[in-house]
Amino acid sequence: MAWAASRSRSVMRLFVKHKIRGTCVLFSSKYTADQRRTPSKKRLRKSQKKPPWTDTLSWEERLADVVTPLWRLSYEEQLELKQKHQESILSQLSGYLSGDCLSHSSSPVRSKPSFPVLPVLPSPVRDSYRNKSTFSVNRGVDGNPKTVGFYVGTGKEGNIVCVNGDHLLNMPEKHKQVARCYQDFIRLSSLEPCLLFHTGGHWREVTVRTNAAGCTMAIVYFHPQTLTPEEVAVHKAELADYFVRGPGSVCQLDSLLFQESTMTRCTHEESSYQLLHGQPHIYEEVLGFKFRISADAFFQVNQAAAQVLYSTVRDLCVPNWDEGRGRTKVGDTLLDVCCGTGAIGITISPRVDRIVGIELIEQAVEDAKHNAALNNVLNCEFIPGKAEAVLPGLMSQFSSADLTAVVNPARAGLHPRVIRALRNQPAIRRLVYVSCKPDGEAMRNFRELCCAPDPQKKLTGGAFSPTLAVPVDMFPHTPHCELLLLFER
């Protein structure tokens, strides 16, 4: 972990000196060397495609191919694949920018990235890294409807099978243990599972959250159907007794929560999480800061890699920081758009005078305020609301400020009004875009940040240019990673 953290801290030196990625140790698993043999280039290209399910594959292999498609590759090969994928995406951006200069063609010719793309920063932990897992309930391979695991197949094709996930490389043993105990519990229960809302049943999925210190939270989701509150209370008591005093006590839960829900997903405001045992929160530490994790709070699923991600974001936002002497004046104010529970802003707070965060989800804003107070961070303010509604009016505050922006939107990307507000604020000279899906809607955002001024789109400010890309592997054994893209003007 120290090696990866040091590597992240020197990200700018990496750019200057063109260091290359160090040797990575092959990840361990219970699969044989033959199953993990070095793939040909053709197999590398096919590794991201949906695997052909044949009778020769076990159910465990089929599930591994769905949840962790790269499990057959060494970690070094996984990083190579991800590097090529990110460079291909960024080549599209370079091609579009060249196209914008030459014509308004919708399909500009691809070129190599016109800006440096650093080697993928590896995850310090490759196996058992997930700190949050949600296990479904459905019919298993043997037809038992009270099977807890993950889906193989689709509802559209009517071939869903719920497969036990004990063999998955990215799941920690504690998550698997809670899932096994939950399966035992619902098989003992007199109530049926809720496979489809309209067909009845009650027991739904279970979410397990853990932290680096070993604390464990379990959240059980339940459809009340026509049960009275008194009847529901009986089954809640049975659940708590099983995990606190019964066979499930082996899990040593620090928190057990219960949510009654008649919808696929419910927020805490729509249906409150009921604490059946222990504490309502667990806590996680990142870069020396402590964060409260509530039942539905967002937090990066790989804590060790999150430290690499956030330290790299910090270095990109404020690159000239000297730990001993303090900052050289780069940005008095950091604007944190889609700030979630405040992790990026809080970890950068010692390097700037002011943090302003904007977040849609009110509970996340409350968590961000709590996290700032928990860490005695006094220079952060967090504003609830849609970024496209809040940001344009907020920009007048920054007319004389030295401003840096960081944006970390969901896969849908930023609203055009947000791009417009960022683009048209001349005080923003540096912008860091954090994207988990840069080939999706984020690409539209990239283009609108960098295109020539366009009065029709009300993009009147000077264009940004991409100057550095840093991929960070948050999800070993899957094709996904986070991309940090630095824009300057």
# chains A, B, ... in the order shown; residues from 1 in each chain; ligands from 1

$ select_by_dssp --residues "region 227-471 of chain A" --states "alpha helix (DSSP H)" --output "MDAnalysis selection string"
chainID A and resid 229:244 303:317 343:348 362:374 387:394 416:423 441:450

$ residues_around --residues "Phe298 (chain A)" --least-positions-apart "2" --cutoff "7 Å" --atoms "only C-alpha atoms" --output "list in words"
Asp296, Gln300 and Gly340 of chain A

$ atom_distance --atom1 "CA of Leu335 (chain A)" --atom2 "CA of Tyr96 (chain A)"
27.3 Å

$ select_by_dssp --residues "region 254-325 of chain A" --states "strand (DSSP E)" --output "PDB file with N, CA and C atoms, in the first residue's frame"
ATOM      1  N   SER A 255     -23.402  -3.547  12.980  1.00  0.00           N
ATOM      2  CA  SER A 255     -24.658  -2.863  12.667  1.00  0.00           C
ATOM      3  C   SER A 255     -25.562  -3.818  11.902  1.00  0.00           C
ATOM      4  N   LEU A 256     -26.826  -3.890  12.297  1.00  0.00           N
ATOM      5  CA  LEU A 256     -27.833  -4.635  11.554  1.00  0.00           C
ATOM      6  C   LEU A 256     -29.020  -3.708  11.338  1.00  0.00           C
ATOM      7  N   LEU A 257     -29.296  -3.418  10.074  1.00  0.00           N
ATOM      8  CA  LEU A 257     -30.388  -2.514   9.731  1.00  0.00           C
ATOM      9  C   LEU A 257     -31.415  -3.237   8.869  1.00  0.00           C
ATOM     10  N   PHE A 258     -32.620  -2.690   8.859  1.00  0.00           N
ATOM     11  CA  PHE A 258     -33.759  -3.328   8.205  1.00  0.00           C
ATOM     12  C   PHE A 258     -34.553  -2.239   7.507  1.00  0.00           C
ATOM     13  N   GLN A 259     -34.881  -2.471   6.242  1.00  0.00           N
ATOM     14  CA  GLN A 259     -35.690  -1.492   5.516  1.00  0.00           C
ATOM     15  C   GLN A 259     -36.876  -2.172   4.867  1.00  0.00           C
ATOM     16  N   GLU A 260     -38.068  -1.688   5.184  1.00  0.00           N
ATOM     17  CA  GLU A 260     -39.283  -2.148   4.513  1.00  0.00           C
ATOM     18  C   GLU A 260     -39.441  -1.345   3.234  1.00  0.00           C
ATOM     19  N   GLN A 274     -34.208   0.941   9.755  1.00  0.00           N
ATOM     20  CA  GLN A 274     -34.494   0.663  11.164  1.00  0.00           C
ATOM     21  C   GLN A 274     -33.312  -0.096  11.757  1.00  0.00           C
ATOM     22  N   LEU A 275     -32.764   0.448  12.828  1.00  0.00           N
ATOM     23  CA  LEU A 275     -31.606  -0.172  13.467  1.00  0.00           C
ATOM     24  C   LEU A 275     -32.073  -1.298  14.383  1.00  0.00           C
ATOM     25  N   LEU A 276     -31.683  -2.538  14.064  1.00  0.00           N
ATOM     26  CA  LEU A 276     -32.059  -3.694  14.868  1.00  0.00           C
ATOM     27  C   LEU A 276     -30.977  -4.079  15.870  1.00  0.00           C
ATOM     28  N   HIS A 277     -29.746  -3.669  15.582  1.00  0.00           N
ATOM     29  CA  HIS A 277     -28.632  -4.036  16.471  1.00  0.00           C
ATOM     30  C   HIS A 277     -27.438  -3.156  16.175  1.00  0.00           C
ATOM     31  N   GLY A 278     -26.726  -2.769  17.236  1.00  0.00           N
ATOM     32  CA  GLY A 278     -25.450  -2.089  17.077  1.00  0.00           C
ATOM     33  C   GLY A 278     -25.561  -0.608  16.789  1.00  0.00           C
ATOM     34  N   ILE A 282     -20.833   3.049  10.371  1.00  0.00           N
ATOM     35  CA  ILE A 282     -19.446   2.640  10.558  1.00  0.00           C
ATOM     36  C   ILE A 282     -18.581   3.768   9.996  1.00  0.00           C
ATOM     37  N   TYR A 283     -17.307   3.727  10.261  1.00  0.00           N
ATOM     38  CA  TYR A 283     -16.430   4.823   9.849  1.00  0.00           C
ATOM     39  C   TYR A 283     -15.256   4.273   9.048  1.00  0.00           C
ATOM     40  N   GLU A 284     -14.807   5.087   8.084  1.00  0.00           N
ATOM     41  CA  GLU A 284     -13.660   4.718   7.260  1.00  0.00           C
ATOM     42  C   GLU A 284     -12.668   5.862   7.250  1.00  0.00           C
ATOM     43  N   GLU A 285     -11.388   5.537   7.103  1.00  0.00           N
ATOM     44  CA  GLU A 285     -10.350   6.559   7.070  1.00  0.00           C
ATOM     45  C   GLU A 285      -9.680   6.575   5.708  1.00  0.00           C
ATOM     46  N   VAL A 286      -9.509   7.779   5.166  1.00  0.00           N
ATOM     47  CA  VAL A 286      -8.829   7.961   3.882  1.00  0.00           C
ATOM     48  C   VAL A 286      -7.903   9.165   3.999  1.00  0.00           C
ATOM     49  N   PHE A 289      -8.145  11.300   7.054  1.00  0.00           N
ATOM     50  CA  PHE A 289      -9.442  11.873   7.395  1.00  0.00           C
ATOM     51  C   PHE A 289     -10.446  10.753   7.646  1.00  0.00           C
ATOM     52  N   LYS A 290     -11.370  11.002   8.552  1.00  0.00           N
ATOM     53  CA  LYS A 290     -12.351   9.998   8.944  1.00  0.00           C
ATOM     54  C   LYS A 290     -13.699  10.332   8.321  1.00  0.00           C
ATOM     55  N   PHE A 291     -14.390   9.300   7.794  1.00  0.00           N
ATOM     56  CA  PHE A 291     -15.671   9.507   7.120  1.00  0.00           C
ATOM     57  C   PHE A 291     -16.729   8.572   7.682  1.00  0.00           C
ATOM     58  N   ARG A 292     -17.914   9.141   7.902  1.00  0.00           N
ATOM     59  CA  ARG A 292     -19.034   8.348   8.397  1.00  0.00           C
ATOM     60  C   ARG A 292     -19.722   7.637   7.237  1.00  0.00           C
ATOM     61  N   ILE A 293     -19.962   6.353   7.396  1.00  0.00           N
ATOM     62  CA  ILE A 293     -20.635   5.560   6.371  1.00  0.00           C
ATOM     63  C   ILE A 293     -21.998   5.151   6.915  1.00  0.00           C
ATOM     64  N   TRP A 321       2.112  21.894  -4.085  1.00  0.00           N
ATOM     65  CA  TRP A 321       2.080  21.857  -2.624  1.00  0.00           C
ATOM     66  C   TRP A 321       3.387  21.296  -2.074  1.00  0.00           C
ATOM     67  N   ASP A 322       3.892  21.953  -1.053  1.00  0.00           N
ATOM     68  CA  ASP A 322       5.077  21.480  -0.342  1.00  0.00           C
ATOM     69  C   ASP A 322       4.644  21.141   1.077  1.00  0.00           C
TER      70      ASP A 322
END

$ atom_distance --atom1 "CA of Pro392 (chain A)" --atom2 "CA of Lys457 (chain A)"
15.0 Å

$ residues_around --residues "region 417-429 of chain A" --least-positions-apart "6" --cutoff "6 Å" --atoms "only C-alpha atoms" --output "number ranges by chain"
A: 388, 392, 402-404, 459-461, 488-489

$ write_last_selection --atoms "all heavy atoms" --output "PDB file, in the first residue's frame"
ATOM      1  N   GLU A 388     -27.012  22.128 -11.861  1.00  0.00           N
ATOM      2  CA  GLU A 388     -27.417  23.025 -12.938  1.00  0.00           C
ATOM      3  C   GLU A 388     -28.269  24.184 -12.440  1.00  0.00           C
ATOM      4  O   GLU A 388     -28.357  25.233 -13.086  1.00  0.00           O
ATOM      5  CB  GLU A 388     -28.158  22.264 -14.049  1.00  0.00           C
ATOM      6  CG  GLU A 388     -29.420  21.545 -13.623  1.00  0.00           C
ATOM      7  CD  GLU A 388     -29.161  20.101 -13.227  1.00  0.00           C
ATOM      8  OE1 GLU A 388     -28.035  19.782 -12.803  1.00  0.00           O
ATOM      9  OE2 GLU A 388     -30.104  19.311 -13.351  1.00  0.00           O
ATOM     10  N   PRO A 392     -24.986  28.248 -11.631  1.00  0.00           N
ATOM     11  CA  PRO A 392     -24.970  29.541 -12.334  1.00  0.00           C
ATOM     12  C   PRO A 392     -25.074  30.739 -11.394  1.00  0.00           C
ATOM     13  O   PRO A 392     -24.341  31.725 -11.555  1.00  0.00           O
ATOM     14  CB  PRO A 392     -26.195  29.436 -13.264  1.00  0.00           C
ATOM     15  CG  PRO A 392     -26.341  27.972 -13.514  1.00  0.00           C
ATOM     16  CD  PRO A 392     -25.986  27.326 -12.209  1.00  0.00           C
ATOM     17  N   ASP A 402      -9.302  33.077  -7.227  1.00  0.00           N
ATOM     18  CA  ASP A 402      -8.459  32.158  -7.988  1.00  0.00           C
ATOM     19  C   ASP A 402      -9.088  30.782  -7.790  1.00  0.00           C
ATOM     20  O   ASP A 402      -9.043  30.230  -6.691  1.00  0.00           O
ATOM     21  CB  ASP A 402      -7.042  32.212  -7.453  1.00  0.00           C
ATOM     22  CG  ASP A 402      -6.055  31.553  -8.406  1.00  0.00           C
ATOM     23  OD1 ASP A 402      -6.511  31.021  -9.435  1.00  0.00           O
ATOM     24  OD2 ASP A 402      -4.841  31.558  -8.113  1.00  0.00           O
ATOM     25  N   LEU A 403      -9.670  30.231  -8.831  1.00  0.00           N
ATOM     26  CA  LEU A 403     -10.611  29.124  -8.687  1.00  0.00           C
ATOM     27  C   LEU A 403     -10.144  27.879  -9.424  1.00  0.00           C
ATOM     28  O   LEU A 403      -9.714  27.939 -10.581  1.00  0.00           O
ATOM     29  CB  LEU A 403     -11.976  29.562  -9.236  1.00  0.00           C
ATOM     30  CG  LEU A 403     -13.184  28.663  -9.030  1.00  0.00           C
ATOM     31  CD1 LEU A 403     -13.466  28.447  -7.554  1.00  0.00           C
ATOM     32  CD2 LEU A 403     -14.414  29.291  -9.698  1.00  0.00           C
ATOM     33  N   THR A 404     -10.229  26.727  -8.729  1.00  0.00           N
ATOM     34  CA  THR A 404     -10.013  25.418  -9.332  1.00  0.00           C
ATOM     35  C   THR A 404     -11.295  24.626  -9.165  1.00  0.00           C
ATOM     36  O   THR A 404     -11.960  24.722  -8.129  1.00  0.00           O
ATOM     37  CB  THR A 404      -8.852  24.678  -8.640  1.00  0.00           C
ATOM     38  OG1 THR A 404      -7.646  25.416  -8.813  1.00  0.00           O
ATOM     39  CG2 THR A 404      -8.666  23.287  -9.224  1.00  0.00           C
ATOM     40  N   LEU A 459     -21.840  28.817 -25.085  1.00  0.00           N
ATOM     41  CA  LEU A 459     -20.489  28.517 -24.619  1.00  0.00           C
ATOM     42  C   LEU A 459     -19.585  29.649 -25.092  1.00  0.00           C
ATOM     43  O   LEU A 459     -18.973  29.595 -26.162  1.00  0.00           O
ATOM     44  CB  LEU A 459     -20.010  27.172 -25.178  1.00  0.00           C
ATOM     45  CG  LEU A 459     -20.808  25.943 -24.747  1.00  0.00           C
ATOM     46  CD1 LEU A 459     -20.348  24.707 -25.519  1.00  0.00           C
ATOM     47  CD2 LEU A 459     -20.660  25.691 -23.248  1.00  0.00           C
ATOM     48  N   THR A 460     -19.524  30.706 -24.286  1.00  0.00           N
ATOM     49  CA  THR A 460     -18.816  31.914 -24.715  1.00  0.00           C
ATOM     50  C   THR A 460     -17.426  32.021 -24.107  1.00  0.00           C
ATOM     51  O   THR A 460     -16.600  32.797 -24.578  1.00  0.00           O
ATOM     52  CB  THR A 460     -19.632  33.159 -24.340  1.00  0.00           C
ATOM     53  OG1 THR A 460     -19.886  33.142 -22.931  1.00  0.00           O
ATOM     54  CG2 THR A 460     -20.976  33.171 -25.079  1.00  0.00           C
ATOM     55  N   GLY A 461     -17.152  31.270 -23.057  1.00  0.00           N
ATOM     56  CA  GLY A 461     -15.844  31.348 -22.409  1.00  0.00           C
ATOM     57  C   GLY A 461     -14.770  30.674 -23.220  1.00  0.00           C
ATOM     58  O   GLY A 461     -15.034  29.908 -24.159  1.00  0.00           O
ATOM     59  N   GLU A 488      -6.952  22.476 -18.676  1.00  0.00           N
ATOM     60  CA  GLU A 488      -6.392  23.782 -18.302  1.00  0.00           C
ATOM     61  C   GLU A 488      -6.651  24.780 -19.416  1.00  0.00           C
ATOM     62  O   GLU A 488      -6.893  24.439 -20.573  1.00  0.00           O
ATOM     63  CB  GLU A 488      -4.882  23.643 -18.052  1.00  0.00           C
ATOM     64  CG  GLU A 488      -4.525  22.780 -16.853  1.00  0.00           C
ATOM     65  CD  GLU A 488      -3.045  22.671 -16.637  1.00  0.00           C
ATOM     66  OE1 GLU A 488      -2.391  21.931 -17.417  1.00  0.00           O
ATOM     67  OE2 GLU A 488      -2.536  23.341 -15.724  1.00  0.00           O
ATOM     68  N   ARG A 489      -6.572  26.058 -19.035  1.00  0.00           N
ATOM     69  CA  ARG A 489      -6.664  27.119 -20.047  1.00  0.00           C
ATOM     70  C   ARG A 489      -5.952  28.366 -19.512  1.00  0.00           C
ATOM     71  O   ARG A 489      -5.648  28.465 -18.347  1.00  0.00           O
ATOM     72  CB  ARG A 489      -8.120  27.424 -20.387  1.00  0.00           C
ATOM     73  CG  ARG A 489      -8.953  27.962 -19.250  1.00  0.00           C
ATOM     74  CD  ARG A 489     -10.372  28.257 -19.694  1.00  0.00           C
ATOM     75  NE  ARG A 489     -11.200  28.666 -18.563  1.00  0.00           N
ATOM     76  CZ  ARG A 489     -12.488  28.968 -18.635  1.00  0.00           C
ATOM     77  NH1 ARG A 489     -13.116  28.881 -19.797  1.00  0.00           N
ATOM     78  NH2 ARG A 489     -13.169  29.333 -17.575  1.00  0.00           N
TER      79      ARG A 489
END

$ residues_around --residues "Glu238 (chain A)" --least-positions-apart "6" --cutoff "12 Å" --atoms "only C-alpha atoms" --output "count of residues only"
15

$ closest_residue --among "A:Cys194, A:Arg444, A:Phe135, A:Leu168" --to "Arg72 (chain A)" --atoms "only C-alpha atoms"
A:Leu168

$ closest_residue --among "A:Arg430, A:Arg314, A:His268, A:Lys84" --to "Pro350 (chain A)" --atoms "only C-alpha atoms"
A:Arg314

$ residues_around --residues "Gly140 (chain A)" --least-positions-apart "5" --cutoff "9 Å" --atoms "only C-alpha atoms" --output "ChimeraX atom specification"
/A:145-149,160-164

$ write_last_selection --atoms "all heavy atoms" --output "JSON list (two decimals), in the first residue's frame"
[["chain", "number", "residue", "atom", "x", "y", "z"],
["A", 145, "PRO", "N", -35.78, -21.42, -4.27],
["A", 145, "PRO", "CA", -35.99, -19.98, -4.42],
["A", 145, "PRO", "C", -35.36, -19.16, -3.31],
["A", 145, "PRO", "O", -35.30, -17.93, -3.42],
["A", 145, "PRO", "CB", -37.51, -19.85, -4.41],
["A", 145, "PRO", "CG", -37.98, -21.01, -3.59],
["A", 145, "PRO", "CD", -37.02, -22.13, -3.89],
["A", 146, "LYS", "N", -34.92, -19.80, -2.26],
["A", 146, "LYS", "CA", -34.27, -19.09, -1.15],
["A", 146, "LYS", "C", -32.76, -19.23, -1.25],
["A", 146, "LYS", "O", -32.07, -19.66, -0.32],
["A", 146, "LYS", "CB", -34.79, -19.61, 0.18],
["A", 146, "LYS", "CG", -36.25, -19.28, 0.47],
["A", 146, "LYS", "CD", -36.68, -19.74, 1.85],
["A", 146, "LYS", "CE", -38.11, -19.28, 2.18],
["A", 146, "LYS", "NZ", -38.52, -19.69, 3.55],
["A", 147, "THR", "N", -32.22, -18.85, -2.41],
["A", 147, "THR", "CA", -30.79, -18.88, -2.66],
["A", 147, "THR", "C", -30.26, -17.46, -2.69],
["A", 147, "THR", "O", -30.84, -16.59, -3.36],
["A", 147, "THR", "CB", -30.46, -19.60, -3.97],
["A", 147, "THR", "OG1", -30.92, -20.96, -3.90],
["A", 147, "THR", "CG2", -28.97, -19.60, -4.25],
["A", 148, "VAL", "N", -29.18, -17.20, -1.98],
["A", 148, "VAL", "CA", -28.59, -15.86, -1.89],
["A", 148, "VAL", "C", -27.28, -15.85, -2.68],
["A", 148, "VAL", "O", -26.41, -16.69, -2.47],
["A", 148, "VAL", "CB", -28.33, -15.49, -0.42],
["A", 148, "VAL", "CG1", -27.62, -14.14, -0.32],
["A", 148, "VAL", "CG2", -29.65, -15.46, 0.36],
["A", 149, "GLY", "N", -27.17, -14.92, -3.62],
["A", 149, "GLY", "CA", -25.96, -14.85, -4.44],
["A", 149, "GLY", "C", -26.09, -13.78, -5.50],
["A", 149, "GLY", "O", -26.63, -12.69, -5.25],
["A", 160, "ILE", "N", -32.89, -16.49, -15.42],
["A", 160, "ILE", "CA", -32.11, -16.08, -14.26],
["A", 160, "ILE", "C", -31.85, -17.27, -13.33],
["A", 160, "ILE", "O", -32.77, -18.03, -13.00],
["A", 160, "ILE", "CB", -32.83, -14.96, -13.48],
["A", 160, "ILE", "CG1", -32.73, -13.63, -14.24],
["A", 160, "ILE", "CG2", -32.23, -14.79, -12.08],
["A", 160, "ILE", "CD1", -33.44, -12.48, -13.56],
["A", 161, "VAL", "N", -30.60, -17.42, -12.93],
["A", 161, "VAL", "CA", -30.21, -18.39, -11.92],
["A", 161, "VAL", "C", -29.37, -17.64, -10.89],
["A", 161, "VAL", "O", -28.48, -16.87, -11.26],
["A", 161, "VAL", "CB", -29.40, -19.55, -12.52],
["A", 161, "VAL", "CG1", -28.93, -20.50, -11.42],
["A", 161, "VAL", "CG2", -30.23, -20.31, -13.55],
["A", 162, "CYS", "N", -29.67, -17.82, -9.61],
["A", 162, "CYS", "CA", -28.92, -17.18, -8.54],
["A", 162, "CYS", "C", -27.79, -18.12, -8.11],
["A", 162, "CYS", "O", -28.06, -19.26, -7.71],
["A", 162, "CYS", "CB", -29.84, -16.86, -7.37],
["A", 162, "CYS", "SG", -29.12, -15.72, -6.17],
["A", 163, "VAL", "N", -26.57, -17.66, -8.22],
["A", 163, "VAL", "CA", -25.40, -18.50, -7.98],
["A", 163, "VAL", "C", -24.62, -17.97, -6.77],
["A", 163, "VAL", "O", -24.36, -16.77, -6.66],
["A", 163, "VAL", "CB", -24.48, -18.55, -9.22],
["A", 163, "VAL", "CG1", -23.26, -19.43, -8.96],
["A", 163, "VAL", "CG2", -25.26, -19.04, -10.44],
["A", 164, "ASN", "N", -24.25, -18.86, -5.90],
["A", 164, "ASN", "CA", -23.43, -18.52, -4.74],
["A", 164, "ASN", "C", -22.13, -17.86, -5.18],
["A", 164, "ASN", "O", -21.51, -18.28, -6.15],
["A", 164, "ASN", "CB", -23.14, -19.81, -3.95],
["A", 164, "ASN", "CG", -22.22, -19.59, -2.78],
["A", 164, "ASN", "OD1", -21.03, -19.43, -2.95],
["A", 164, "ASN", "ND2", -22.78, -19.58, -1.59]]

$ residues_around --residues "Glu482 (chain A)" --least-positions-apart "6" --cutoff "10 Å" --atoms "only C-alpha atoms" --output "number ranges by chain"
A: 86, 120-121, 309, 434-438, 470-475

$ write_last_selection --atoms "all heavy atoms" --output "tab-separated table (two decimals), in the first residue's frame"
chain	number	residue	atom	x	y	z
A	86	GLN	N	-8.37	2.84	-22.20
A	86	GLN	CA	-8.41	4.26	-21.88
A	86	GLN	C	-7.77	5.09	-22.98
A	86	GLN	O	-8.27	6.16	-23.35
A	86	GLN	CB	-7.71	4.52	-20.54
A	86	GLN	CG	-8.38	3.87	-19.34
A	86	GLN	CD	-9.80	4.35	-19.13
A	86	GLN	OE1	-10.07	5.55	-19.16
A	86	GLN	NE2	-10.71	3.42	-18.89
A	120	VAL	N	-1.75	3.21	-16.00
A	120	VAL	CA	-2.80	3.01	-15.00
A	120	VAL	C	-2.18	2.85	-13.61
A	120	VAL	O	-1.27	2.02	-13.42
A	120	VAL	CB	-3.63	1.75	-15.33
A	120	VAL	CG1	-4.72	1.54	-14.26
A	120	VAL	CG2	-4.27	1.86	-16.71
A	121	LEU	N	-2.65	3.65	-12.66
A	121	LEU	CA	-2.19	3.49	-11.29
A	121	LEU	C	-2.87	2.26	-10.71
A	121	LEU	O	-4.10	2.18	-10.66
A	121	LEU	CB	-2.53	4.72	-10.46
A	121	LEU	CG	-1.83	6.01	-10.85
A	121	LEU	CD1	-2.27	7.16	-9.95
A	121	LEU	CD2	-0.32	5.86	-10.82
A	309	LEU	N	-6.72	7.26	-5.58
A	309	LEU	CA	-7.56	8.15	-6.38
A	309	LEU	C	-7.57	9.56	-5.80
A	309	LEU	O	-7.30	10.54	-6.50
A	309	LEU	CB	-8.99	7.59	-6.44
A	309	LEU	CG	-10.01	8.44	-7.20
A	309	LEU	CD1	-9.80	8.32	-8.70
A	309	LEU	CD2	-11.44	8.01	-6.83
A	434	VAL	N	-13.45	13.68	-12.96
A	434	VAL	CA	-13.34	12.30	-12.50
A	434	VAL	C	-14.49	11.52	-13.12
A	434	VAL	O	-15.65	11.83	-12.90
A	434	VAL	CB	-13.42	12.21	-10.96
A	434	VAL	CG1	-13.21	10.76	-10.49
A	434	VAL	CG2	-12.41	13.14	-10.30
A	435	SER	N	-14.16	10.50	-13.90
A	435	SER	CA	-15.20	9.76	-14.63
A	435	SER	C	-14.98	8.26	-14.50
A	435	SER	O	-13.87	7.76	-14.70
A	435	SER	CB	-15.20	10.14	-16.11
A	435	SER	OG	-16.15	9.36	-16.82
A	436	CYS	N	-16.07	7.55	-14.19
A	436	CYS	CA	-16.01	6.08	-14.18
A	436	CYS	C	-16.41	5.51	-15.53
A	436	CYS	O	-16.27	4.31	-15.76
A	436	CYS	CB	-16.91	5.52	-13.07
A	436	CYS	SG	-18.66	5.91	-13.29
A	437	LYS	N	-16.91	6.37	-16.43
A	437	LYS	CA	-17.31	5.90	-17.77
A	437	LYS	C	-17.03	7.01	-18.79
A	437	LYS	O	-17.95	7.67	-19.29
A	437	LYS	CB	-18.80	5.51	-17.78
A	437	LYS	CG	-19.23	4.78	-19.06
A	437	LYS	CD	-20.66	4.27	-18.94
A	437	LYS	CE	-21.16	3.68	-20.26
A	437	LYS	NZ	-20.29	2.60	-20.76
A	438	PRO	N	-15.76	7.21	-19.11
A	438	PRO	CA	-15.42	8.33	-20.00
A	438	PRO	C	-15.90	8.16	-21.43
A	438	PRO	O	-15.93	9.15	-22.18
A	438	PRO	CB	-13.89	8.37	-19.92
A	438	PRO	CG	-13.50	6.99	-19.51
A	438	PRO	CD	-14.59	6.50	-18.62
A	470	VAL	N	-4.96	10.47	-16.15
A	470	VAL	CA	-4.43	9.49	-15.19
A	470	VAL	C	-5.50	8.45	-14.90
A	470	VAL	O	-6.45	8.73	-14.17
A	470	VAL	CB	-3.98	10.15	-13.87
A	470	VAL	CG1	-3.26	9.12	-12.99
A	470	VAL	CG2	-3.12	11.37	-14.11
A	471	PRO	N	-5.42	7.25	-15.46
A	471	PRO	CA	-6.35	6.18	-15.09
A	471	PRO	C	-5.96	5.59	-13.73
A	471	PRO	O	-4.78	5.44	-13.43
A	471	PRO	CB	-6.20	5.15	-16.21
A	471	PRO	CG	-5.30	5.77	-17.24
A	471	PRO	CD	-4.51	6.82	-16.53
A	472	VAL	N	-6.96	5.25	-12.93
A	472	VAL	CA	-6.74	4.63	-11.62
A	472	VAL	C	-7.58	3.36	-11.57
A	472	VAL	O	-8.80	3.41	-11.78
A	472	VAL	CB	-7.13	5.57	-10.47
A	472	VAL	CG1	-6.87	4.90	-9.12
A	472	VAL	CG2	-6.39	6.90	-10.57
A	473	ASP	N	-6.94	2.24	-11.28
A	473	ASP	CA	-7.67	0.97	-11.25
A	473	ASP	C	-8.35	0.80	-9.89
A	473	ASP	O	-7.73	0.42	-8.90
A	473	ASP	CB	-6.73	-0.20	-11.51
A	473	ASP	CG	-7.49	-1.52	-11.60
A	473	ASP	OD1	-8.72	-1.47	-11.82
A	473	ASP	OD2	-6.88	-2.58	-11.46
A	474	MET	N	-9.65	1.05	-9.87
A	474	MET	CA	-10.45	0.88	-8.66
A	474	MET	C	-11.08	-0.50	-8.59
A	474	MET	O	-11.57	-0.91	-7.54
A	474	MET	CB	-11.57	1.93	-8.62
A	474	MET	CG	-11.09	3.36	-8.62
A	474	MET	SD	-10.31	3.83	-7.08
A	474	MET	CE	-11.71	3.78	-5.98
A	475	PHE	N	-11.10	-1.22	-9.73
A	475	PHE	CA	-11.90	-2.43	-9.82
A	475	PHE	C	-11.13	-3.59	-10.46
A	475	PHE	O	-11.41	-3.98	-11.60
A	475	PHE	CB	-13.18	-2.16	-10.63
A	475	PHE	CG	-13.84	-0.84	-10.31
A	475	PHE	CD1	-13.69	0.26	-11.15
A	475	PHE	CD2	-14.60	-0.70	-9.16
A	475	PHE	CE1	-14.30	1.48	-10.86
A	475	PHE	CE2	-15.20	0.51	-8.85
A	475	PHE	CZ	-15.05	1.60	-9.70

$ closest_residue --among "A:Cys215, A:Leu63, A:Ala373, A:Ala306" --to "Tyr129 (chain A)" --atoms "only C-alpha atoms"
A:Ala306

$ closest_residue --among "A:Asp127, A:Asp184, A:Asp439, A:Glu205" --to "Met171 (chain A)" --atoms "only C-alpha atoms"
A:Asp127
